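Student: Sharing a structure, written as structure tokens. Questions coming.
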Amino acid sequence: MEWLTAPFEVAFVQRALWGGMLVSAICALAGTWVVLRGMAFLGDAMSHGLLPGVALSALLGGNLMLGAVASAAVMTVGVTALGRTARLSQDTGIGLLFVGMLSLGVIIVSRSQSFAVDLTGFLFGDVLAVRQEDLLVLAVAALVALGVSVLGHRAFLALAFDPRKAQTLGLRPRLAHALLLALLGLAIVASFHIVGTLLVLGLLIAPPAAALPWARGVRGVMAFAALTGATATFGGLLLSWHLSTAAGATVAALAVALFFLSHGLSGLRHRRTRTSGPSHPHSPMRPKEA
């Protein structure tokens with residue numbers, strides 16, 4: 001069993017494991033709503049929209065996390081504002097912000113003759129470079145994400161399943177939507193330096209999507225997604241160590257593989273229940289089940 005435990009006897013791999021598990025928890029809380037509301041494109045746009053703030057912070061010698069937070073705030077405000085424009089579809093507004101922020105980031109990078117910004121690290125992350133202070137930041141981010149999820153759960157639930165009912169119940173759907181965007185931004189900002197902006201969607205979308213065929217409600221999806229993300233982190237780091245592959249990409253790829261495995265097993269289960277006689281097929285989650 002040495003092949004299973006040897007990688008995790010190394011200090012930086014242990015930190016990578018803890019960092020990945022914390023990121024998995026944060027992404028499970030935010031990613032569940034991303035999957036339920038069909039917001040994958042928004043998640044992609046927000047992750048790439050971090051580039052201007054990160055690039056500017058790097059060029060000025062500032063904190064990359066603060067730059068990412070600033071860009072995430074701009075994206076959140078922009079998406080919220082454009083979403084209230086009746087003549088402009090939300091997808092169009094998100095697409096314009098996506099292109100605009102990404103272009104601005106590239107322009108900022110191009111102003112540096114030495115191209116000092118590590119775009120590879122920004123795009124793909126470096127989970128093996130997680131420091132002790134990074135773990136503290138991730139732990140605080142996880143607690144904040146949990147608090148937002150608990151406080152906004154009822155409003156998020158109504159918003160996901162019936163926005164008109166949310167308005168009728170006085171749950172202030174616009175504020176709930178803005179808060180949900182902030183939760184998504186928190187997950188992306190906390191995760192980008194671990195797995196990178198190109199791969200963060202793997203942990204945001206794949207684990208919750210893998211949980212859907214098995215979970216009975218929203219909280220179940222979140223718990224199953226966190227477990228799936230943690231499994232992908234452990235397995236990805238293990239494979240990366242033995243196969244000498246990029247750690248962040250291996251973790252994200254394994255998360256996607258677990259999604260396909262989950263849905264494949266779910267399909268086999270439904271075929272067997274159909275051939276074995278009357279059964280109660282799995283039904284989509286409803287608000288009351290959450």
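Starting from 1 in every chain, residues are counted up; chains themselves are A, B, ... following the order of the structure tokens, and ligands are numbered from 1 as listed.
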Excluding region 83-100 of chain A and any residue of its chain fewer than 3 positions from it, enumerate the residues within 6 Å of it, using only C-alpha atoms, and give them as an mmCIF file with C-alpha atoms, in the first residue's frame.
Tutor:
data_model
loop_
_atom_site.group_PDB
_atom_site.id
_atom_site.type_symbol
_atom_site.label_atom_id
_atom_site.label_comp_id
_atom_site.auth_asym_id
_atom_site.auth_seq_id
_atom_site.Cartn_x
_atom_site.Cartn_y
_atom_site.Cartn_z
ATOM 1 C CA ALA A 45 -17.245 34.009 -18.025
ATOM 2 C CA GLY A 49 -13.124 37.762 -16.137
ATOM 3 C CA VAL A 79 -23.935 40.847 -14.790
ATOM 4 C CA THR A 80 -26.500 42.075 -12.254
ATOM 5 C CA SER A 103 -9.574 41.537 -23.792
#
Student: So which residues touch Cys27 (chain A) within 10 Å, counting only C-alpha atoms, skipping near sequence neighbours fewer than 4 positions away, as an MDAnalysis selection string?
Tutor: chainID A and resid 21:23 31:34 142 145 183:184 186:188 190:191 200:208 222 225:226 229
Student: Rounded to one decimal, what separation in Å do you get between CA of Leu175 (chain A) and CA of Ala211 (chain A)?
Tutor: 27.5 Å
Student: Would you mind listing what lies within 8 Å of Ala176 (chain A) as an NGL selection string, with only C-alpha atoms counted and same-chain residues fewer than 2 positions away left out?
Tutor: :A and (152 or 155-156 or 159 or 171-174 or 178-180)
Student: Can you work out which one of A:Phe124, A:Phe192, A:Trp3, A:Phe161 has the shortest atom-to-atom distance to Thr250 (chain A), counting only C-alpha atoms?
Tutor: A:Phe124
Student: Could you state the separation of CA of Leu146 (chain A) and CA of Ala68 (chain A) in Å, given to one decimal place?
Tutor: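 Interatomic distance here is 20.5 Å.
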